Each structure stands twice: as C-alpha cells, then as structure tokens.
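my_file.txt, holding compact mmCIF, C-alpha atoms:
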# COMPACT_ATOMS: atom_id res chain seq x y z
CA MET A 29 0.08 -30.35 1.83
CA PHE A 30 3.85 -30.29 1.56
CA LYS A 31 7.06 -29.86 3.47
CA LYS A 32 8.43 -26.32 3.34
CA ARG A 33 11.82 -27.53 2.08
CA THR A 34 10.17 -29.30 -0.87
CA PHE A 35 8.23 -26.14 -1.71
CA ILE A 36 11.34 -23.94 -1.53
CA ASN A 37 13.43 -26.33 -3.63
CA GLU A 38 10.75 -26.51 -6.32
CA ILE A 39 10.45 -22.71 -6.49
CA LYS A 40 14.26 -22.48 -6.71
CA SER A 41 14.29 -24.95 -9.60
CA LEU A 42 11.19 -23.86 -11.55
CA SER A 43 11.03 -20.11 -10.86
CA PRO A 44 14.58 -19.09 -9.92
CA GLU A 45 13.99 -15.35 -10.34
CA MET A 46 11.10 -15.45 -7.88
CA TYR A 47 13.21 -17.50 -5.48
CA ASP A 48 16.18 -15.12 -5.64
CA PHE A 49 14.18 -11.96 -4.98
CA ALA A 50 12.00 -13.59 -2.32
CA LYS A 51 15.03 -14.93 -0.48
CA ALA A 52 16.83 -11.58 -0.69
CA SER A 53 13.78 -9.76 0.65
CA VAL A 54 13.77 -12.10 3.68
CA ASP A 55 17.54 -12.09 4.18
CA ASN A 56 17.52 -8.28 4.26
CA ALA A 57 14.35 -7.96 6.34
CA LYS A 58 14.32 -6.02 9.61
CA GLU A 59 12.59 -6.99 12.83
CA ASP A 60 10.22 -4.32 14.11
CA LEU A 61 8.67 -5.48 17.39
CA ASP A 62 6.01 -7.99 16.27
CA PHE A 63 6.61 -7.23 12.58
CA LEU A 64 9.12 -8.61 10.12
CA ARG A 65 9.51 -5.92 7.49
CA LEU A 66 10.65 -7.46 4.18
CA ASP A 67 13.23 -5.59 2.16
CA ALA A 68 11.10 -3.39 -0.11
CA SER A 69 13.54 -3.13 -3.01
CA ASN A 70 13.97 -6.88 -3.52
CA PHE A 71 10.32 -7.66 -2.85
CA SER A 72 9.12 -5.13 -5.43
CA ASN A 73 11.37 -6.76 -8.07
CA CYS A 74 9.88 -10.20 -7.47
CA PRO A 75 7.86 -11.38 -10.53
CA ASN A 76 4.17 -10.51 -10.18
CA ILE A 77 2.71 -13.94 -10.97
CA SER A 78 0.58 -16.38 -9.02
CA ILE A 79 1.93 -19.53 -7.39
CA ASP A 80 -0.21 -21.52 -9.86
CA TYR A 81 1.88 -20.32 -12.81
CA ALA A 82 5.17 -20.20 -10.94
CA LEU A 83 5.01 -23.68 -9.45
CA LEU A 84 1.87 -25.81 -9.59
CA GLU A 85 1.60 -25.93 -13.39
CA LYS A 86 5.28 -26.88 -13.74
CA THR A 87 6.12 -29.24 -10.91
CA ARG A 88 6.14 -33.02 -11.30
CA LYS A 89 6.01 -33.53 -7.54
CA ILE A 90 2.27 -33.16 -7.30
CA GLY A 91 -0.74 -35.36 -6.63
CA LEU A 92 -4.36 -34.54 -7.42
CA VAL A 93 -7.62 -35.68 -5.84
CA ASN A 94 -11.01 -35.06 -7.43
CA LEU A 95 -13.23 -32.80 -5.36
CA LYS A 96 -16.92 -32.44 -6.16
CA THR A 97 -17.91 -29.07 -4.78
CA SER A 98 -18.65 -25.51 -5.78
CA TRP A 99 -15.70 -23.11 -5.93
CA SER A 100 -15.12 -19.39 -6.18
CA ASP A 101 -11.98 -17.27 -5.82
CA LEU A 102 -14.19 -14.47 -4.40
CA GLY A 103 -12.24 -12.21 -6.73
CA THR A 104 -15.12 -9.79 -7.41
CA TRP A 105 -18.03 -8.33 -5.48
CA GLN A 106 -20.31 -10.29 -7.82
CA SER A 107 -18.77 -13.54 -6.59
CA VAL A 108 -19.07 -12.35 -2.97
CA PHE A 109 -22.78 -11.71 -3.63
CA GLN A 110 -23.25 -15.16 -5.13
CA SER A 111 -21.57 -16.88 -2.18
CA LYS A 112 -23.71 -15.38 0.60
CA GLN A 113 -27.17 -16.07 1.95
CA LYS A 114 -29.95 -13.89 0.45
CA ASP A 115 -33.08 -12.37 1.95
CA ASP A 116 -36.58 -12.66 0.46
CA ASN A 117 -35.74 -10.03 -2.19
CA ASN A 118 -32.44 -11.69 -3.11
CA ASN A 119 -30.34 -9.09 -1.27
CA VAL A 120 -27.18 -9.70 0.72
CA ILE A 121 -27.25 -7.37 3.73
CA GLU A 122 -24.47 -7.03 6.30
CA GLY A 123 -23.92 -4.38 8.96
CA ASP A 124 -26.01 -1.36 9.92
CA VAL A 125 -28.40 -1.16 6.94
CA LEU A 126 -31.98 -0.03 6.36
CA LYS A 127 -33.46 -1.02 2.97
CA TYR A 128 -36.74 -0.18 1.30
CA ASP A 129 -38.14 -1.67 -1.92
CA SER A 130 -34.71 -2.93 -2.99
CA SER A 131 -33.65 -6.20 -4.58
CA GLU A 132 -30.76 -8.17 -6.13
CA SER A 133 -28.19 -6.03 -4.28
CA LEU A 134 -25.11 -6.48 -2.10
CA ILE A 135 -25.10 -3.92 0.71
CA ILE A 136 -22.38 -3.95 3.38
CA SER A 137 -21.95 -1.20 5.98
CA GLU A 138 -19.00 -1.56 8.34
CA GLU A 139 -19.67 1.37 10.68
CA LYS A 140 -22.30 4.04 10.17
CA LEU A 141 -25.91 3.53 9.07
CA THR A 142 -26.48 3.01 5.34
CA VAL A 143 -29.99 3.53 3.92
CA VAL A 144 -31.03 2.34 0.44
CA SER A 145 -34.39 2.78 -1.26
CA GLY A 146 -35.67 1.57 -4.63
CA VAL A 147 -32.36 0.13 -5.79
CA LYS A 148 -31.75 -3.03 -7.82
CA ASP A 149 -28.63 -4.91 -8.93
CA LEU A 150 -26.30 -2.62 -6.94
CA ILE A 151 -23.14 -3.05 -4.93
CA VAL A 152 -22.99 -0.67 -1.95
CA ILE A 153 -19.92 -1.04 0.27
CA ASN A 154 -19.66 1.57 3.01
CA THR A 155 -16.39 1.43 4.99
CA GLN A 156 -14.49 3.79 7.23
CA ASP A 157 -12.14 4.66 4.37
CA VAL A 158 -14.31 4.87 1.25
CA THR A 159 -17.80 4.19 -0.10
CA LEU A 160 -18.32 2.19 -3.30
CA ILE A 161 -21.59 2.28 -5.29
CA ALA A 162 -21.75 0.35 -8.57
CA THR A 163 -23.92 -2.05 -10.54
CA LYS A 164 -22.91 -5.69 -10.11
CA SER A 165 -22.42 -6.11 -13.84
CA SER A 166 -20.10 -3.09 -14.24
CA TYR A 167 -17.68 -3.72 -11.40
CA ASP A 168 -14.95 -6.25 -12.16
CA LYS A 169 -11.17 -6.57 -11.90
CA THR A 170 -10.71 -4.22 -14.86
CA MET A 171 -12.61 -1.51 -13.00
CA VAL A 172 -10.51 -2.11 -9.87
CA ASN A 173 -7.31 -1.56 -11.87
CA LEU A 174 -8.77 1.60 -13.43
CA ILE A 175 -9.67 3.00 -10.00
CA LEU A 176 -6.21 2.23 -8.61
CA SER A 177 -4.62 3.90 -11.64
CA ASP A 178 -6.75 7.03 -11.19
CA LEU A 179 -5.96 7.19 -7.46
CA SER A 180 -2.27 7.22 -8.37
CA LYS A 181 -2.72 9.93 -11.01
CA LEU A 182 -4.69 12.07 -8.56
CA ASN A 183 -2.09 11.46 -5.82
CA ARG A 184 -4.82 10.18 -3.49
CA ASN A 185 -3.56 8.51 -0.32
CA GLU A 186 -6.55 6.12 -0.27
CA LYS A 187 -4.55 3.78 -2.50
CA THR A 188 -1.99 3.05 0.22
CA ASP A 189 -3.29 4.42 3.53
CA ASN A 190 -6.25 3.54 5.70
CA GLN A 191 -7.79 5.90 8.22
CA LYS A 192 -6.43 3.53 10.86
CA CYS A 193 -2.69 3.00 10.40
CA HIS A 194 -0.54 0.70 12.53
CA ARG A 195 2.90 1.74 13.67
CA PRO A 196 5.56 0.05 15.87
CA TRP A 197 4.41 2.14 18.83
CA GLY A 198 0.68 1.46 18.38
CA TRP A 199 -1.72 2.98 15.86
CA TYR A 200 -3.38 6.21 14.84
CA GLU A 201 -6.74 6.97 13.31
CA SER A 202 -7.67 10.00 11.23
CA ILE A 203 -10.91 11.42 12.65
CA LEU A 204 -11.28 14.59 10.59
CA LYS A 205 -9.23 15.94 7.70
CA HIS A 206 -9.27 19.24 5.82
CA GLN A 207 -6.80 20.90 3.48
CA THR A 208 -5.19 22.91 6.31
CA PHE A 209 -5.97 20.87 9.45
CA GLN A 210 -6.38 17.29 10.60
CA VAL A 211 -7.54 15.58 13.80
CA LYS A 212 -6.06 12.21 14.77
CA ARG A 213 -6.48 9.79 17.66
CA LEU A 214 -3.17 8.24 18.75
CA HIS A 215 -3.13 4.94 20.67
CA ILE A 216 0.35 4.47 22.14
CA ASN A 217 1.11 1.03 23.54
CA PRO A 218 2.62 0.55 27.01
CA LYS A 219 6.40 1.09 27.11
CA SER A 220 6.34 2.58 23.60
CA LYS A 221 7.56 5.85 22.13
CA LEU A 222 7.19 7.97 19.00
CA SER A 223 10.44 9.05 17.37
CA LEU A 224 12.15 12.31 18.27
CA GLN A 225 11.21 14.41 15.25
CA PHE A 226 10.09 17.73 13.84
CA HIS A 227 7.83 18.90 11.01
CA LYS A 228 8.61 21.51 8.39
CA PHE A 229 5.05 22.46 7.44
CA ARG A 230 2.72 21.82 10.38
CA SER A 231 2.22 22.45 14.07
CA GLU A 232 0.56 19.97 16.46
CA HIS A 233 -1.59 20.25 19.57
CA TRP A 234 -1.70 17.15 21.79
CA VAL A 235 -4.46 16.52 24.35
CA VAL A 236 -4.20 13.48 26.64
CA VAL A 237 -7.57 11.73 27.05
CA LYS A 238 -6.35 8.50 28.67
CA GLY A 239 -3.18 7.49 30.48
CA VAL A 240 -0.04 9.49 31.24
CA ALA A 241 2.30 10.92 28.59
CA GLU A 242 5.96 11.84 28.81
CA VAL A 243 6.52 14.63 26.27
CA ILE A 244 9.75 16.10 24.95
CA LYS A 245 9.23 19.62 23.57
CA GLY A 246 12.43 21.33 22.53
CA LYS A 247 14.75 21.15 25.53
CA ASN A 248 11.90 20.62 28.02
CA ILE A 249 10.27 17.44 29.33
CA TYR A 250 6.63 17.41 30.47
CA ARG A 251 4.42 14.85 32.23
CA LEU A 252 0.86 15.14 30.96
CA GLU A 253 -2.14 13.44 32.54
CA LYS A 254 -5.75 13.15 31.39
CA GLY A 255 -7.01 16.59 30.33
CA ASP A 256 -3.54 18.13 29.97
CA SER A 257 -2.30 19.43 26.62
CA VAL A 258 0.78 20.81 24.88
CA PHE A 259 1.34 22.79 21.67
CA ILE A 260 4.19 21.89 19.30
CA ASN A 261 5.33 24.67 16.98
CA THR A 262 6.32 24.10 13.35
CA GLY A 263 9.99 23.04 13.27
CA GLU A 264 10.10 22.30 17.01
CA THR A 265 11.72 19.03 18.13
CA HIS A 266 9.29 16.77 19.96
CA SER A 267 8.42 13.25 21.04
CA ILE A 268 5.82 11.48 23.17
CA SER A 269 6.15 8.22 25.09
CA ASN A 270 4.09 5.93 27.29
CA GLU A 271 6.15 4.69 30.22
CA ARG A 272 3.18 3.07 31.95
CA ASP A 273 1.58 -0.39 31.69
CA GLU A 274 -1.71 1.00 30.38
CA GLU A 275 -2.63 2.38 26.99
CA LEU A 276 -2.06 6.06 26.27
CA VAL A 277 -4.65 7.84 24.10
CA VAL A 278 -3.92 11.29 22.70
CA ILE A 279 -5.95 13.56 20.43
CA GLU A 280 -3.67 15.29 17.96
CA VAL A 281 -4.74 18.41 16.06
CA GLN A 282 -2.47 19.23 13.12
CA SER A 283 -2.47 22.63 11.43
CA GLY A 284 -0.39 23.79 8.48
CA SER A 285 0.09 24.18 4.76
CA TYR A 286 0.94 20.48 4.23
CA LEU A 287 -0.24 17.53 6.33
CA GLY A 288 1.33 14.52 4.56
CA GLU A 289 2.88 11.68 6.53
CA ASP A 290 6.18 12.31 4.75
CA ASP A 291 6.58 15.64 6.60
CA ILE A 292 8.51 13.92 9.39
CA VAL A 293 12.21 14.50 10.01
CA ARG A 294 13.39 11.83 12.45
CA LEU A 295 16.30 12.55 14.75
CA GLU A 296 16.11 9.46 16.99
CA ASP A 297 13.99 6.32 16.77
CA ILE A 298 14.06 3.27 19.05
CA TYR A 299 12.63 1.09 16.25
CA GLY A 300 15.40 1.86 13.77
CA ARG A 301 13.14 3.64 11.29
CA THR A 302 14.56 6.17 8.87
CA ARG A 303 11.75 6.67 6.32
CA SER A 304 9.07 9.14 7.38
CA LYS A 305 6.10 6.94 6.43
CA ASP A 306 7.20 3.82 8.37
Using the file provided, produce a representation of the structure as structure tokens.
Amino acid sequence: MFKKRTFINEIKSLSPEMYDFAKASVDNAKEDLDFLRLDASNFSNCPNISIDYALLEKTRKIGLVNLKTSWSDLGTWQSVFQSKQKDDNNNVIEGDVLKYDSSESLIISEEKLTVVSGVKDLIVINTQDVTLIATKSSYDKTMVNLILSDLSKLNRNEKTDNQKCHRPWGWYESILKHQTFQVKRLHINPKSKLSLQFHKFRSEHWVVVKGVAEVIKGKNIYRLEKGDSVFINTGETHSISNERDEELVVIEVQSGSYLGEDDIVRLEDIYGRTRSKD
C-alpha cells in the first residue's frame, strides 16, 4: 500500500536506469483505441529484474507485518497442482476431461475433450494454441526457457502469437493452417476498419457470415451481406470495414507461398499503424 508518487520517486532514486526507460516508454507511447501501446524500443531496454530487487530490498520507506499463511508464486505447474483441490486419486482435473485409472496428475483442457488412461505424475495442459505433456518433476522454469529458446530457433510463431489475436479493429482467430493455405475468422467491431493494404505472396477470399461489410477491392467498392463473398488477388489493394452498429464476422481463406502476418503492405490506416504485425 503506497502512494504512486512515493513509488515513482523511490524507483527514480534506487533504480534510475529502470525509471528512465520506463518513463521514456510511457512518454513515447501511442494511444490505439482502448490500448496504450508503450514504446517498444525503450521498454525492451528496461532492466529485466523484479520489483523486489529493484525497489523492495533497497528502500528504507517500508513497513512489514508478519503474516502466518501458506504462500506460492504459482511459478510452475507443480505449484499450480499443489494449490488446487484434488479428487480421490489425488488428481487436479479442470475442463472437458475423461480419466481412467490415473493418479497424481494435473489435467486441464480448455476446449476440446481430453482423455487420459493409466497415467501417473503427469502434467497435461490442452489449450487452443498448444498441448503440453510432461512429468511434474521434469517441468520447471529451466524447461520453459529451453522451450522458448527452441521456438525461436525453429522460427515458430507460437512463441509470440496466439490463435486468437486482438487488433484495433477487433480480433481474428486462426481456424485451420497449412503450408500453402490458412482459414481465419475475422470479428470486426462496429464502426471499425482494416487498413488499406496489399499482400505480396498471398490471395484472400472473404465470405461474410454475419453483418454487412463495405469492401474496397482495387478501384471498386462493394457492399457484401451475409452469404456474399469477394476474391482478392495477390498484390491487389483492398480493405474491409464495418459501418454498422453490429458485429461483422468474415471467414477469410488465404492461399499462397507465404502466409506470415508480416506480408502486409499498409497504404492507409485509421489507427496510425505502420508495422505489419500491429
């Protein structure tokens, strides 16, 4: 419990480098509808240390009260397992799960059905983005860092991107992805618009499944209602907007030799974005 000015002044005095970069990242931030996007360059240069080391272990303006209770940072799946209520076989089960002859395990399934049989001492985390299976004893922070390092070496987008990605105009979700094609569901908020852009390596086919879309395709403008569709050629300038007060939902089928999010050349953008992945 503290006043924000006291906190800021203590950081400025005890960890000046952190203060300088944090302040610069806020001073150079950009408003993006409901988001405040910190300046990436300054933020990335901020020292990567916890507030404990940066402030709490150094400040003299601190008071302590003894607290008799259990405590966990929940920093590993093992600690998550220990913190939750167990069944008769000492399992932690959450989500859509069927288990048979299994014990001492943490099993979480966020969406689809997960079935386990004859397992013991396992962590099974089944999410929309990735599935993790490991023994409780083998999976710690060191393993997390190793996985993140390997994802970077393999140039896997799972390190930074979820299947559901939020954008200033709404969000999109990857439904199906292959090396040469991808299917997405676009949810475009009322009074919102995707940038005027083109792609160098892929074409797109849009199908409206809910709402009404205003589409720019080259020099033409189209009004598409539920069931209507339009094909965007590789290199063709295009945009889609939702001028109504209801949500617009579009199925997008991409096809091409490269499907990365950085294959976007923006010509106009009402949100002031310049980078392709914003």
Close residues, stretch 237-241 of chain A itself excluded, 12 Å, all atoms listed in the file, min 3 positions apart in chain, as a PyMOL selection string: chain A and resi 213-222+234+244+249-258+267-280
Students should find that atom CA of A:Gln113 and atom CA of A:Val125 are spaced 15.8 Å
Computed interatomic separation between atom CA of A:Asn119 and atom CA of A:Met171 (Å):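 A separation of 22.6 Å between them.
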Report, in Å with one decimal, the straight-line distance from atom CA of A:Asp168 to atom CA of A:Trp99. 18.0 Å
In the coordinate frame of the file, compute which residues have an atom within 8 Å of (-26.0, -11.2, -12.4) when using all atoms listed in the file, and state them as a VMD selection string. chain A and resid 106 149 164 to 165
Using only C-alpha atoms, the best pick from A:Leu64, A:Leu126, A:Ile36, A:Val158 as closest to A:Val144 would be A:Leu126
Using only C-alpha atoms, which protein or nucleic acid residues come within 12 Å of A:Gly246? Drop anything in the same chain fewer than 5 positions from it, and give the result as a PyMOL selection string. chain A and resi 224-226+258-268
Restricting the calculation to all atoms listed in the file, which member of A:Val281, A:Asp116, A:Asp178, A:Val243 is positioned closest to A:His206?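 Of A:Val281, A:Asp116, A:Asp178, A:Val243, the one nearest A:His206 is A:Val281, counting all atoms listed in the file.
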Nearest candidate to A:Leu287 (options A:Arg301, A:Lys245, A:Lys228, A:Lys86; using only C-alpha atoms):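 Looking only at the distances to A:Leu287, the closest residue turns out to be A:Lys228.
Using only C-alpha atoms, the shortest contact distance between A:Leu84 and any of A:Asn70, A:Ser107, A:Leu42, A:Ser53 is found at A:Leu42.
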Hey, what's within 12 Å of A:Asp115 if we count all atoms listed in the file and toss same-chain stuff fewer than 4 positions away? As a count of residues only, please? 12
Restricting to only C-alpha atoms, whichever of A:Leu83, A:Val172, A:Leu295, A:Cys193 is closest to A:Lys212 is A:Cys193
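Of the residues under consideration (A:Asp55, A:Glu242, A:Glu138, A:Asp290), A:Asp290 shows the shortest atom-to-atom contact distance to A:Asn185 when counting only C-alpha atoms.
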Could N, CA and C atoms be built for stretch 75-87 of chain A and written out as a short mmCIF file (atom, residue, chain, number, x, y, z; two decimals), in the coordinates of the input?
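See result11.cif below for the written result:
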data_model
loop_
_atom_site.label_atom_id
_atom_site.label_comp_id
_atom_site.auth_asym_id
_atom_site.auth_seq_id
_atom_site.Cartn_x
_atom_site.Cartn_y
_atom_site.Cartn_z
N PRO A 75 8.86 -11.27 -9.45
CA PRO A 75 7.86 -11.38 -10.53
C PRO A 75 6.43 -11.40 -9.99
N ASN A 76 5.56 -10.65 -10.63
CA ASN A 76 4.17 -10.51 -10.18
C ASN A 76 3.30 -11.58 -10.86
N ILE A 77 3.50 -12.83 -10.44
CA ILE A 77 2.71 -13.94 -10.97
C ILE A 77 2.21 -14.80 -9.82
N SER A 78 1.15 -15.55 -10.07
CA SER A 78 0.58 -16.38 -9.02
C SER A 78 1.40 -17.65 -8.83
N ILE A 79 1.21 -18.29 -7.68
CA ILE A 79 1.93 -19.53 -7.39
C ILE A 79 1.48 -20.65 -8.33
N ASP A 80 0.26 -20.52 -8.88
CA ASP A 80 -0.21 -21.52 -9.86
C ASP A 80 0.74 -21.57 -11.05
N TYR A 81 1.01 -20.39 -11.63
CA TYR A 81 1.88 -20.32 -12.81
C TYR A 81 3.34 -20.58 -12.46
N ALA A 82 3.76 -20.08 -11.31
CA ALA A 82 5.17 -20.20 -10.94
C ALA A 82 5.56 -21.62 -10.57
N LEU A 83 4.63 -22.39 -9.99
CA LEU A 83 5.01 -23.68 -9.45
C LEU A 83 4.06 -24.82 -9.84
N LEU A 84 2.78 -24.67 -9.51
CA LEU A 84 1.87 -25.81 -9.59
C LEU A 84 1.69 -26.35 -11.01
N GLU A 85 1.77 -25.47 -12.01
CA GLU A 85 1.60 -25.93 -13.39
C GLU A 85 2.88 -26.52 -13.98
N LYS A 86 3.99 -26.41 -13.23
CA LYS A 86 5.28 -26.88 -13.74
C LYS A 86 5.82 -28.10 -13.00
N THR A 87 5.52 -28.20 -11.73
CA THR A 87 6.12 -29.24 -10.91
C THR A 87 5.62 -30.63 -11.29
#
